[in-house]
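Next comes entry12.tsv, a file with TSV, C-alpha atoms.
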```
chain	number	residue	atom	x	y	z
A	1	MET	CA	4.80	-28.92	10.26
A	2	ARG	CA	6.55	-28.80	6.88
A	3	LEU	CA	5.80	-25.10	6.58
A	4	GLN	CA	7.65	-24.52	9.83
A	5	ASN	CA	10.64	-26.75	9.14
A	6	LYS	CA	12.04	-27.43	5.67
A	7	GLY	CA	9.23	-25.63	3.97
A	8	LEU	CA	6.17	-26.68	2.01
A	9	ARG	CA	6.72	-27.11	-1.73
A	10	VAL	CA	3.64	-25.94	-3.61
A	11	ALA	CA	3.11	-26.44	-7.34
A	12	MET	CA	2.06	-23.19	-9.03
A	13	GLY	CA	1.71	-23.81	-12.74
A	14	PRO	CA	5.17	-24.51	-14.21
A	15	PHE	CA	6.92	-23.57	-10.96
A	16	ASN	CA	7.32	-25.09	-7.54
A	17	VAL	CA	7.57	-22.64	-4.68
A	18	CYS	CA	9.05	-23.70	-1.35
A	19	ILE	CA	7.36	-21.69	1.40
A	20	GLN	CA	8.69	-21.66	4.92
A	21	THR	CA	7.43	-19.75	7.94
A	22	GLN	CA	7.01	-20.18	11.64
A	23	TYR	CA	4.47	-17.39	11.92
A	24	LYS	CA	1.36	-19.26	13.08
A	25	PRO	CA	-1.39	-16.88	11.83
A	26	LEU	CA	0.08	-17.14	8.33
A	27	ILE	CA	0.28	-20.92	8.59
A	28	VAL	CA	-3.44	-21.04	9.37
A	29	GLN	CA	-4.23	-18.78	6.40
A	30	LEU	CA	-2.07	-20.82	4.02
A	31	TYR	CA	-3.59	-24.14	5.01
A	32	THR	CA	-7.02	-22.65	4.27
A	33	LEU	CA	-6.29	-20.79	1.05
A	34	TYR	CA	-3.76	-23.23	-0.42
A	35	SER	CA	-5.71	-26.36	0.48
A	36	HIS	CA	-6.36	-27.39	-3.16
A	37	TYR	CA	-2.86	-26.77	-4.45
A	38	ARG	CA	-0.76	-29.78	-5.41
A	39	LEU	CA	2.19	-30.39	-3.15
A	40	ALA	CA	5.56	-31.04	-4.78
A	41	GLN	CA	7.58	-32.04	-1.77
A	42	ASP	CA	9.98	-34.32	-3.68
A	43	GLU	CA	10.44	-32.01	-6.65
A	44	ILE	CA	12.91	-29.20	-7.31
A	45	ALA	CA	11.63	-25.81	-6.21
A	46	GLU	CA	12.40	-22.81	-8.41
A	47	PHE	CA	11.75	-20.35	-5.60
A	48	HIS	CA	12.58	-20.65	-1.91
A	49	VAL	CA	10.70	-18.05	0.06
A	50	ARG	CA	10.28	-17.38	3.76
A	51	ILE	CA	8.25	-15.10	5.97
A	52	VAL	CA	10.14	-14.35	9.16
A	53	THR	CA	9.12	-12.23	12.11
A	54	GLU	CA	11.22	-9.49	13.65
A	55	ARG	CA	10.99	-6.72	16.21
A	56	SER	CA	12.32	-3.26	15.63
A	57	ILE	CA	14.60	-1.55	18.13
A	58	LYS	CA	12.38	1.53	18.07
A	59	ASN	CA	9.19	-0.38	18.83
A	60	PRO	CA	10.04	-3.77	20.31
A	61	LEU	CA	6.45	-4.53	21.29
A	62	LYS	CA	5.30	-4.48	17.68
A	63	LEU	CA	5.93	-7.65	15.65
A	64	LYS	CA	6.75	-7.19	11.97
A	65	VAL	CA	7.15	-9.65	9.12
A	66	ARG	CA	9.79	-9.78	6.41
A	67	PHE	CA	9.81	-11.62	3.08
A	68	LEU	CA	12.98	-13.46	2.14
A	69	ILE	CA	13.89	-15.13	-1.12
A	70	ASP	CA	16.99	-17.29	-1.06
A	71	GLY	CA	17.77	-15.56	2.23
A	72	GLN	CA	17.69	-12.08	0.66
A	73	SER	CA	15.14	-9.44	1.58
A	74	PRO	CA	13.82	-7.39	-1.35
A	75	PHE	CA	11.35	-5.38	0.76
A	76	GLU	CA	11.25	-3.53	4.04
A	77	SER	CA	9.39	-5.26	6.88
A	78	PHE	CA	5.61	-4.97	7.18
A	79	PRO	CA	3.04	-5.10	10.00
A	80	GLU	CA	2.43	-8.70	11.01
A	81	ASP	CA	-1.21	-8.74	9.91
A	82	GLN	CA	-0.01	-8.20	6.32
A	83	ALA	CA	2.00	-11.45	6.24
A	84	LEU	CA	-0.13	-13.16	3.58
A	85	ALA	CA	-0.16	-10.10	1.32
A	86	VAL	CA	3.61	-9.73	1.68
A	87	LEU	CA	4.16	-13.40	0.84
A	88	GLU	CA	1.99	-13.12	-2.28
A	89	TRP	CA	3.67	-9.89	-3.44
A	90	GLY	CA	7.05	-11.45	-2.81
A	91	ILE	CA	6.30	-14.52	-4.91
A	92	ASN	CA	4.99	-12.28	-7.70
A	93	LEU	CA	8.14	-10.18	-7.54
A	94	ALA	CA	10.32	-13.29	-7.73
A	95	ILE	CA	8.47	-14.48	-10.83
A	96	ALA	CA	8.54	-11.03	-12.46
A	97	VAL	CA	12.25	-10.56	-11.91
A	98	ARG	CA	13.61	-14.05	-12.42
A	99	VAL	CA	11.56	-15.68	-15.16
A	100	ASN	CA	13.01	-15.03	-18.59
A	101	HIS	CA	12.41	-18.31	-20.36
A	102	PHE	CA	8.81	-17.17	-20.95
A	103	LEU	CA	7.48	-13.95	-22.40
A	104	LEU	CA	6.03	-12.54	-19.21
A	105	LEU	CA	3.00	-10.33	-19.76
A	106	HIS	CA	1.37	-8.28	-17.03
A	107	SER	CA	-2.01	-9.72	-17.77
A	108	ALA	CA	-4.99	-11.55	-16.43
A	109	VAL	CA	-5.50	-14.76	-18.40
A	110	VAL	CA	-8.48	-17.09	-18.69
A	111	GLU	CA	-9.32	-19.97	-21.00
A	112	LYS	CA	-12.40	-21.40	-22.60
A	113	ASN	CA	-12.77	-24.09	-25.28
A	114	ASN	CA	-8.99	-24.52	-25.21
A	115	ASN	CA	-8.47	-20.90	-26.28
A	116	VAL	CA	-6.76	-18.35	-24.07
A	117	MET	CA	-8.08	-14.83	-23.53
A	118	LEU	CA	-5.53	-12.26	-22.38
A	119	PHE	CA	-6.37	-9.07	-20.45
A	120	PRO	CA	-3.10	-7.12	-20.44
A	121	ALA	CA	-3.28	-4.14	-18.13
A	122	TRP	CA	-1.32	-2.24	-15.54
A	123	PRO	CA	-2.60	-1.96	-11.94
A	124	GLY	CA	-5.91	-0.19	-11.44
A	125	SER	CA	-7.58	-1.46	-14.60
A	126	GLY	CA	-9.76	-3.95	-12.76
A	127	LYS	CA	-8.18	-7.04	-14.24
A	128	THR	CA	-8.15	-9.04	-10.99
A	129	THR	CA	-11.84	-8.32	-10.38
A	130	LEU	CA	-12.73	-9.24	-13.95
A	131	CYS	CA	-10.59	-12.35	-13.83
A	132	THR	CA	-12.13	-13.44	-10.52
A	133	ALA	CA	-15.62	-13.07	-11.95
A	134	LEU	CA	-14.83	-14.90	-15.20
A	135	SER	CA	-12.99	-17.75	-13.49
A	136	HIS	CA	-16.11	-18.46	-11.41
A	137	ARG	CA	-18.45	-18.15	-14.39
A	138	GLY	CA	-17.38	-20.66	-17.03
A	139	PHE	CA	-13.80	-19.66	-17.80
A	140	ARG	CA	-10.73	-21.48	-16.50
A	141	LEU	CA	-8.30	-19.34	-14.53
A	142	PHE	CA	-4.76	-19.16	-15.87
A	143	SER	CA	-3.65	-16.14	-13.84
A	144	ASP	CA	-4.88	-12.77	-12.63
A	145	GLU	CA	-1.39	-11.31	-12.94
A	146	PHE	CA	0.93	-13.10	-15.37
A	147	GLY	CA	0.62	-14.18	-18.98
A	148	LEU	CA	3.30	-16.83	-19.22
A	149	MET	CA	3.99	-17.49	-22.89
A	150	ASP	CA	6.37	-20.26	-23.91
A	151	PHE	CA	7.49	-18.50	-27.08
A	152	ARG	CA	9.15	-21.61	-28.50
A	153	GLN	CA	5.92	-23.60	-28.39
A	154	GLY	CA	3.57	-20.62	-28.76
A	155	VAL	CA	1.47	-21.69	-25.77
A	156	PHE	CA	0.46	-20.15	-22.47
A	157	HIS	CA	1.06	-21.84	-19.14
A	158	PRO	CA	-1.48	-21.51	-16.34
A	159	LEU	CA	-0.22	-19.97	-13.13
A	160	PRO	CA	-3.34	-19.93	-10.94
A	161	ARG	CA	-2.54	-18.05	-7.76
A	162	LEU	CA	-4.55	-16.37	-5.08
A	163	MET	CA	-6.29	-13.33	-6.55
A	164	PRO	CA	-5.84	-10.20	-4.43
A	165	LEU	CA	-8.98	-8.11	-4.56
A	166	LYS	CA	-8.53	-4.53	-3.48
A	167	ASN	CA	-10.81	-2.08	-1.66
A	168	GLU	CA	-14.24	-1.65	-3.30
A	169	SER	CA	-13.84	-4.78	-5.38
A	170	ILE	CA	-14.01	-6.96	-2.24
A	171	PRO	CA	-17.70	-6.31	-1.45
A	172	VAL	CA	-18.48	-6.30	-5.17
A	173	ILE	CA	-17.11	-9.83	-5.58
A	174	ARG	CA	-18.63	-11.05	-2.29
A	175	LYS	CA	-22.02	-9.99	-3.62
A	176	HIS	CA	-21.45	-11.17	-7.17
A	177	LEU	CA	-19.85	-14.52	-6.27
A	178	PRO	CA	-21.21	-15.68	-2.91
A	179	GLU	CA	-19.60	-19.07	-3.51
A	180	ALA	CA	-16.07	-17.66	-3.84
A	181	VAL	CA	-13.61	-18.58	-1.10
A	182	ILE	CA	-12.15	-15.29	0.09
A	183	GLY	CA	-9.59	-14.80	2.85
A	184	GLN	CA	-9.84	-12.28	5.64
A	185	PRO	CA	-9.51	-8.66	4.45
A	186	ILE	CA	-6.09	-7.21	5.23
A	187	PRO	CA	-6.50	-3.47	5.90
A	188	ASN	CA	-4.00	-0.62	5.60
A	189	THR	CA	-1.63	-2.17	3.09
A	190	HIS	CA	0.08	0.16	0.61
A	191	LYS	CA	-2.65	-0.90	-1.84
A	192	GLY	CA	-5.45	-0.32	0.66
A	193	THR	CA	-7.50	-3.26	1.92
A	194	VAL	CA	-6.66	-6.55	0.23
A	195	ALA	CA	-8.54	-9.86	0.36
A	196	HIS	CA	-7.34	-12.98	-1.45
A	197	VAL	CA	-9.66	-15.17	-3.50
A	198	CYS	CA	-8.87	-18.88	-3.91
A	199	PRO	CA	-8.68	-20.05	-7.51
A	200	PRO	CA	-11.54	-22.43	-8.37
A	201	GLU	CA	-10.49	-25.99	-7.67
A	202	GLU	CA	-10.91	-27.09	-11.29
A	203	SER	CA	-8.46	-24.40	-12.44
A	204	LEU	CA	-5.89	-25.77	-10.02
A	205	GLN	CA	-6.45	-29.35	-11.15
A	206	LEU	CA	-5.92	-28.37	-14.79
A	207	SER	CA	-2.94	-26.14	-14.11
A	208	LYS	CA	-0.63	-28.28	-16.28
A	209	ASN	CA	-2.86	-27.84	-19.34
A	210	THR	CA	-1.43	-25.20	-21.66
A	211	ALA	CA	-3.34	-23.49	-24.47
A	212	LYS	CA	-2.83	-21.03	-27.31
A	213	ALA	CA	-4.04	-17.44	-27.19
A	214	ARG	CA	-7.01	-16.43	-29.33
A	215	TRP	CA	-8.04	-13.01	-27.97
A	216	ILE	CA	-6.17	-10.04	-26.54
A	217	ILE	CA	-8.42	-7.59	-24.72
A	218	PHE	CA	-7.09	-4.42	-23.10
A	219	PRO	CA	-9.54	-3.79	-20.22
A	220	LYS	CA	-10.44	-0.65	-18.34
A	221	TRP	CA	-12.99	-0.52	-15.55
A	222	VAL	CA	-14.92	2.76	-15.65
A	223	ALA	CA	-17.67	3.36	-13.09
A	224	GLU	CA	-21.21	3.30	-14.50
A	225	SER	CA	-19.98	2.75	-18.07
A	226	ALA	CA	-21.78	0.60	-20.59
A	227	THR	CA	-19.81	-2.39	-21.86
A	228	ARG	CA	-17.80	-1.42	-24.95
A	229	LEU	CA	-15.73	-4.07	-26.70
A	230	GLU	CA	-14.07	-2.55	-29.75
A	231	PRO	CA	-11.53	-3.94	-32.20
A	232	ILE	CA	-8.11	-2.34	-32.12
A	233	ALA	CA	-5.54	-2.10	-34.94
A	234	ASP	CA	-2.86	-4.78	-34.85
A	235	ALA	CA	0.07	-2.37	-34.81
A	236	GLU	CA	-1.40	-0.47	-31.87
A	237	ALA	CA	-2.12	-3.73	-30.06
A	238	PHE	CA	1.49	-4.78	-30.70
A	239	MET	CA	2.91	-1.66	-29.08
A	240	LEU	CA	0.49	-1.88	-26.14
A	241	LEU	CA	1.31	-5.53	-25.55
A	242	ALA	CA	5.07	-5.07	-25.87
A	243	SER	CA	5.02	-2.19	-23.41
A	244	ASN	CA	3.00	-4.35	-21.04
A	245	ALA	CA	5.50	-7.22	-20.88
A	246	PHE	CA	7.85	-7.41	-17.90
A	247	ASN	CA	10.73	-8.81	-19.93
A	248	TYR	CA	10.12	-7.74	-23.55
A	249	GLU	CA	13.38	-5.78	-23.78
A	250	VAL	CA	15.35	-8.49	-22.00
A	251	LEU	CA	14.21	-11.05	-24.58
A	252	GLY	CA	15.22	-8.84	-27.53
A	253	ALA	CA	14.42	-10.35	-30.92
A	254	SER	CA	12.72	-13.36	-29.28
A	255	GLY	CA	10.34	-11.00	-27.50
A	256	PHE	CA	9.56	-9.16	-30.74
A	257	ARG	CA	8.84	-12.43	-32.58
A	258	ALA	CA	6.70	-13.69	-29.69
A	259	VAL	CA	4.56	-10.55	-29.63
A	260	ALA	CA	4.29	-10.55	-33.44
A	261	GLN	CA	3.19	-14.20	-33.33
A	262	LEU	CA	0.61	-13.40	-30.66
A	263	ILE	CA	-0.86	-10.43	-32.49
A	264	SER	CA	-1.03	-12.42	-35.74
A	265	SER	CA	-2.95	-15.23	-34.12
A	266	CYS	CA	-5.32	-13.20	-31.95
A	267	ASP	CA	-8.27	-10.86	-32.33
A	268	CYS	CA	-7.46	-7.69	-30.42
A	269	TYR	CA	-9.91	-5.41	-28.62
A	270	THR	CA	-10.16	-2.61	-26.12
A	271	LEU	CA	-12.75	-3.06	-23.40
A	272	VAL	CA	-14.50	-0.58	-21.15
A	273	TYR	CA	-16.79	-2.13	-18.58
A	274	SER	CA	-18.42	-1.71	-15.21
A	275	ASP	CA	-21.07	-4.43	-14.97
A	276	LEU	CA	-19.70	-7.92	-14.31
A	277	ASP	CA	-22.80	-9.78	-15.53
A	278	GLU	CA	-22.82	-7.80	-18.75
A	279	ILE	CA	-19.15	-8.28	-19.53
A	280	THR	CA	-19.28	-11.98	-18.63
A	281	ALA	CA	-22.14	-12.48	-21.08
A	282	ALA	CA	-20.36	-10.43	-23.76
A	283	LEU	CA	-17.17	-12.48	-23.45
A	284	HIS	CA	-19.04	-15.79	-23.54
A	285	HIS	CA	-20.72	-14.53	-26.69
A	286	LEU	CA	-17.34	-13.60	-28.18
A	287	VAL	CA	-16.04	-17.10	-27.45
A	288	ASP	CA	-19.13	-18.84	-28.78
A	289	GLU	CA	-19.19	-16.98	-32.08
A	290	THR	CA	-15.55	-17.85	-32.82
B	1	MET	CA	24.26	16.37	-46.95
B	2	ARG	CA	22.97	12.94	-47.82
B	3	TRP	CA	21.34	10.31	-45.65
B	4	LEU	CA	21.53	6.55	-45.82
B	5	SER	CA	19.94	3.77	-43.83
B	6	ASN	CA	21.84	2.18	-41.01
B	7	ASN	CA	21.80	-1.63	-40.86
B	8	PHE	CA	18.39	-1.77	-42.52
B	9	HIS	CA	19.03	-5.43	-43.29
B	10	SER	CA	19.25	-6.24	-39.58
B	11	LEU	CA	15.80	-4.88	-38.71
B	12	LEU	CA	12.99	-7.29	-37.87
B	13	ILE	CA	9.85	-5.95	-39.47
B	14	ALA	CA	6.26	-7.00	-38.79
B	15	ASP	CA	3.79	-5.75	-41.39
B	16	TRP	CA	0.31	-4.84	-40.09
B	17	GLU	CA	-1.36	-3.53	-43.26
B	18	ASP	CA	0.30	-0.16	-43.85
B	19	GLU	CA	1.63	0.04	-40.32
B	20	TYR	CA	4.80	-1.59	-39.16
B	21	THR	CA	6.46	-2.57	-35.92
B	22	VAL	CA	10.20	-2.72	-36.27
B	23	PHE	CA	12.72	-4.29	-33.93
B	24	GLN	CA	16.16	-2.71	-34.11
B	25	PRO	CA	18.76	-5.17	-32.78
B	26	ASP	CA	21.42	-2.46	-32.48
B	27	SER	CA	19.43	-0.60	-29.83
B	28	GLY	CA	17.05	-3.32	-28.65
B	29	LYS	CA	14.21	-0.87	-29.27
B	30	THR	CA	10.93	-1.43	-31.08
B	31	HIS	CA	9.55	1.32	-33.30
B	32	PHE	CA	6.12	1.96	-34.76
B	33	LEU	CA	6.24	3.19	-38.37
B	34	ASN	CA	3.59	4.19	-40.84
B	35	ARG	CA	3.88	3.39	-44.53
B	36	MET	CA	5.57	6.65	-45.44
B	37	SER	CA	8.24	6.23	-42.78
B	38	MET	CA	8.89	2.69	-43.91
B	39	GLN	CA	9.17	3.85	-47.52
B	40	MET	CA	11.65	6.46	-46.40
B	41	LEU	CA	13.86	3.86	-44.72
B	42	SER	CA	13.57	1.49	-47.63
B	43	PHE	CA	14.45	4.28	-50.10
B	44	LEU	CA	17.53	5.23	-48.11
B	45	ASP	CA	18.55	1.59	-48.07
B	46	GLN	CA	18.68	1.61	-51.88
B	47	HIS	CA	20.97	4.63	-52.15
B	48	PRO	CA	22.00	7.71	-50.17
B	49	ALA	CA	19.77	10.73	-50.72
B	50	SER	CA	19.46	14.34	-49.63
B	51	SER	CA	16.42	15.59	-47.73
B	52	ALA	CA	15.16	17.16	-50.94
B	53	GLU	CA	15.50	13.88	-52.83
B	54	VAL	CA	13.66	12.02	-50.08
B	55	CYS	CA	10.87	14.61	-50.22
B	56	SER	CA	10.67	14.38	-53.96
B	57	TYR	CA	10.51	10.58	-53.87
B	58	LEU	CA	7.83	10.49	-51.16
B	59	SER	CA	5.72	13.17	-52.81
B	60	ARG	CA	5.65	11.07	-55.98
B	61	GLU	CA	4.90	7.83	-54.13
B	62	PHE	CA	2.17	9.30	-51.98
B	63	GLU	CA	0.94	11.93	-54.43
B	64	ARG	CA	1.63	14.72	-52.00
B	65	GLU	CA	2.43	18.31	-52.76
B	66	THR	CA	6.02	19.19	-51.78
B	67	ASN	CA	5.27	22.36	-49.90
B	68	GLN	CA	7.33	23.76	-47.04
B	69	ASN	CA	5.26	21.95	-44.38
B	70	PHE	CA	5.82	18.61	-46.04
B	71	GLN	CA	9.55	19.26	-46.38
B	72	ASP	CA	9.80	20.36	-42.75
B	73	SER	CA	8.02	17.28	-41.48
B	74	ILE	CA	10.19	14.97	-43.60
B	75	GLU	CA	13.31	16.75	-42.36
B	76	LYS	CA	12.10	16.33	-38.79
B	77	ILE	CA	11.55	12.59	-39.29
B	78	LEU	CA	15.01	12.22	-40.86
B	79	TYR	CA	16.67	13.81	-37.84
B	80	HIS	CA	14.54	11.67	-35.53
B	81	PHE	CA	15.59	8.52	-37.39
B	82	ASP	CA	19.19	9.69	-37.16
B	83	ALA	CA	18.83	10.06	-33.39
B	84	LEU	CA	17.39	6.54	-33.20
B	85	GLY	CA	20.23	5.13	-35.27
B	86	LEU	CA	17.94	4.00	-38.08
B	87	ILE	CA	19.74	6.23	-40.60
B	88	ARG	CA	23.01	8.13	-40.66
B	89	LYS	CA	24.71	10.91	-42.57
B	90	GLU	CA	26.90	9.85	-45.45
B	91	ASN	CA	30.63	10.34	-44.73
```

Hey, can you dump this file as structure tokens for me?
Amino acid sequence: MRLQNKGLRVAMGPFNVCIQTQYKPLIVQLYTLYSHYRLAQDEIAEFHVRIVTERSIKNPLKLKVRFLIDGQSPFESFPEDQALAVLEWGINLAIAVRVNHFLLLHSAVVEKNNNVMLFPAWPGSGKTTLCTALSHRGFRLFSDEFGLMDFRQGVFHPLPRLMPLKNESIPVIRKHLPEAVIGQPIPNTHKGTVAHVCPPEESLQLSKNTAKARWIIFPKWVAESATRLEPIADAEAFMLLASNAFNYEVLGASGFRAVAQLISSCDCYTLVYSDLDEITAALHHLVDET
Amino acid sequence: MRWLSNNFHSLLIADWEDEYTVFQPDSGKTHFLNRMSMQMLSFLDQHPASSAEVCSYLSREFERETNQNFQDSIEKILYHFDALGLIRKEN
């Protein structure tokens, strides 16, 4: 009922997101996929988002959905069966555009032994697939999309959100992680077919626990490739990481100092991989030998 | 014509063992410099110098022969630095 009326306030890492919709199929999906998230009904919400339905004049029989943030619509409308994907993209957009009190890296992030491992990469590098696999095999999920660094404290904040697998990665993860909770595939989006994986419950329960970064790994999925994890020069890693941040230029000198601090405190690698078992073992080994 | 550095003191410099990342507050840009480029900026911060003097200094520091190729590449870097606002021509 809250989703339909004032909105449901959901804690997502350091943020609370107020979600409101009257679109019943989306409500059903949210109650399933968000069931382990903490509710923050009496707390301030940083983001107020809505999914509303509409009909076009050209095709009044076809229902469409629109994402709104603070009543404004940053996207066009989408087919109704894409409501969940549109909501998730919209929340990501809001975070990417509005959050400037953190250094915001475009990165998958996991944690083990209280050390954070970053996988900065642009779309198509396989970071969501890798992150999904690792977060179900001994690593704690921070985020498949955002590295949120509090540059005053030098720590990363978890932001465990649904992980949108795309296309071929959906059957790969279904086979690799039969225990994973995966939503219904959403076909024909602008990214192809998308299916959302629930973060492991433990990652959600620990989503207030910050940690410092220890490894920065620039991943690239290449079909049939052997796993190659190779050290990279600090200066090169610096430039790669800075160019990967959403708000590096906005932060100016603070962004430079934050990236310099990160590079100084982390071991940096490039990674080529294709086999999830192999890379999971290699990364556990990397953690254990540190 | 002589060159001199432009607000060298304002640059934030991170040293990564002979490679440098440099934040330039005037432009908000970050640059990647090797040791020779950094030496060039540092030299021009000490005193204005012509392209020939910069070449001569760098050839001594890095034990390089000052042939035409070397001079051309130094000249190219000087003009690039000028375009970035890292150095300027002396008035």

Residues of chain A within 7 Å of chain B, counting only C-alpha atoms, as a short mmCIF file (atom, residue, chain, number, x, y, z; two decimals) with C-alpha atoms, in the coordinates of the input:
```cif
data_model
loop_
_atom_site.label_atom_id
_atom_site.label_comp_id
_atom_site.auth_asym_id
_atom_site.auth_seq_id
_atom_site.Cartn_x
_atom_site.Cartn_y
_atom_site.Cartn_z
CA ASP A 234 -2.86 -4.78 -34.85
CA ALA A 235 0.07 -2.37 -34.81
CA GLU A 249 13.38 -5.78 -23.78
CA GLY A 252 15.22 -8.84 -27.53
CA ALA A 253 14.42 -10.35 -30.92
CA PHE A 256 9.56 -9.16 -30.74
CA ALA A 260 4.29 -10.55 -33.44
#
```

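Going from CA of Glu289 (chain A) to CA of Asp277 (chain A) covers 18.4 Å.
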
>> List the spatial neighbours of Ser254 (chain A) as an NGL selection string - criterion: any atom at most 10 Å away, all atoms listed in the file, same-chain residues fewer than 4 positions off excluded.
In response: :A and (102-103 or 151-152 or 248-250 or 258-260)

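A straight line drawn from CA of Phe218 (chain A) to CA of Ile263 (chain A) is 12.8 Å long.
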
> Hey, what's within 6 Å of region 46-51 of chain B if we count all atoms listed in the file and toss same-chain stuff fewer than 6 positions away? As a list in words, please?
Replying inline: Met1, Arg2, Trp3 and Leu4 of chain B

Only C-alpha atoms, please: the residues just picked out, written as a CSV table (one decimal), in the frame of the given file.
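Final output, saved to selection-v4.csv:
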```
chain,number,residue,atom,x,y,z
B,1,MET,CA,24.3,16.4,-47.0
B,2,ARG,CA,23.0,12.9,-47.8
B,3,TRP,CA,21.3,10.3,-45.6
B,4,LEU,CA,21.5,6.6,-45.8
```

>> With all atoms listed in the file as the counted atoms, please give the residues lying no more than 7 Å from region 75-90 of chain A, apart from itself and same-chain residues fewer than 5 positions off, as a ChimeraX atom specification.
In response: /A:26,51,63-67,186

>> When you count all atoms listed in the file, which of these residues is closest to Lys191 (chain A): A:Asn167, A:Gln205, A:Asn5, A:Asn113?
In response: A:Asn167

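The shortest atom-to-atom distance to Ser42 (chain B), with all atoms listed in the file taken into account, belongs to B:Tyr57 out of B:Tyr79, B:Phe70, B:Tyr57, B:Phe62.
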
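When all atoms listed in the file are used to compute distances to Met36 (chain B), the closest of the residues B:Glu61, B:Glu90, B:Asp82, B:Glu75 turns out to be B:Glu61.
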
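Across the structure, CA of Trp122 (chain A) and CA of Ala245 (chain A) are spaced 10.0 Å apart.
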
>> For Arg214 (chain A), find every residue with an atom within 7 Å (counting all atoms listed in the file), except residues of its own chain fewer than 5 positions away, and show them as a PyMOL selection string.
In response: chain A and resi 115-117+265-267

>> Using all atoms listed in the file, list the residues that have an atom at most 10 Å from (6.6, -30.0, -7.8), coordinates as in the file, as a ChimeraX atom specification.
In response: /A:9-18,38-46

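Taking all atoms listed in the file, the non-local environment of Ile279 (chain A) within 12 Å (same-chain residues fewer than 6 positions away omitted) comprises Thr129, Leu130, Cys131, Ala133, Leu134, Arg137, Ile217, Pro219, Lys220, Trp221, Ser225, Ala226, Thr227, Arg228, Leu229, Leu271, Val272, Tyr273, His285 and Leu286 of chain A.
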
How big is the axis-aligned box around all listed atoms of region 59-77 of chain B once 6 Å goes on each side, and where's its centre, in Å to one decimal, as AutoDock Vina command-line options?
```
--center_x 7.1 --center_y 15.8 --center_z -47.4 --size_x 24.4 --size_y 27.9 --size_z 29.2
```
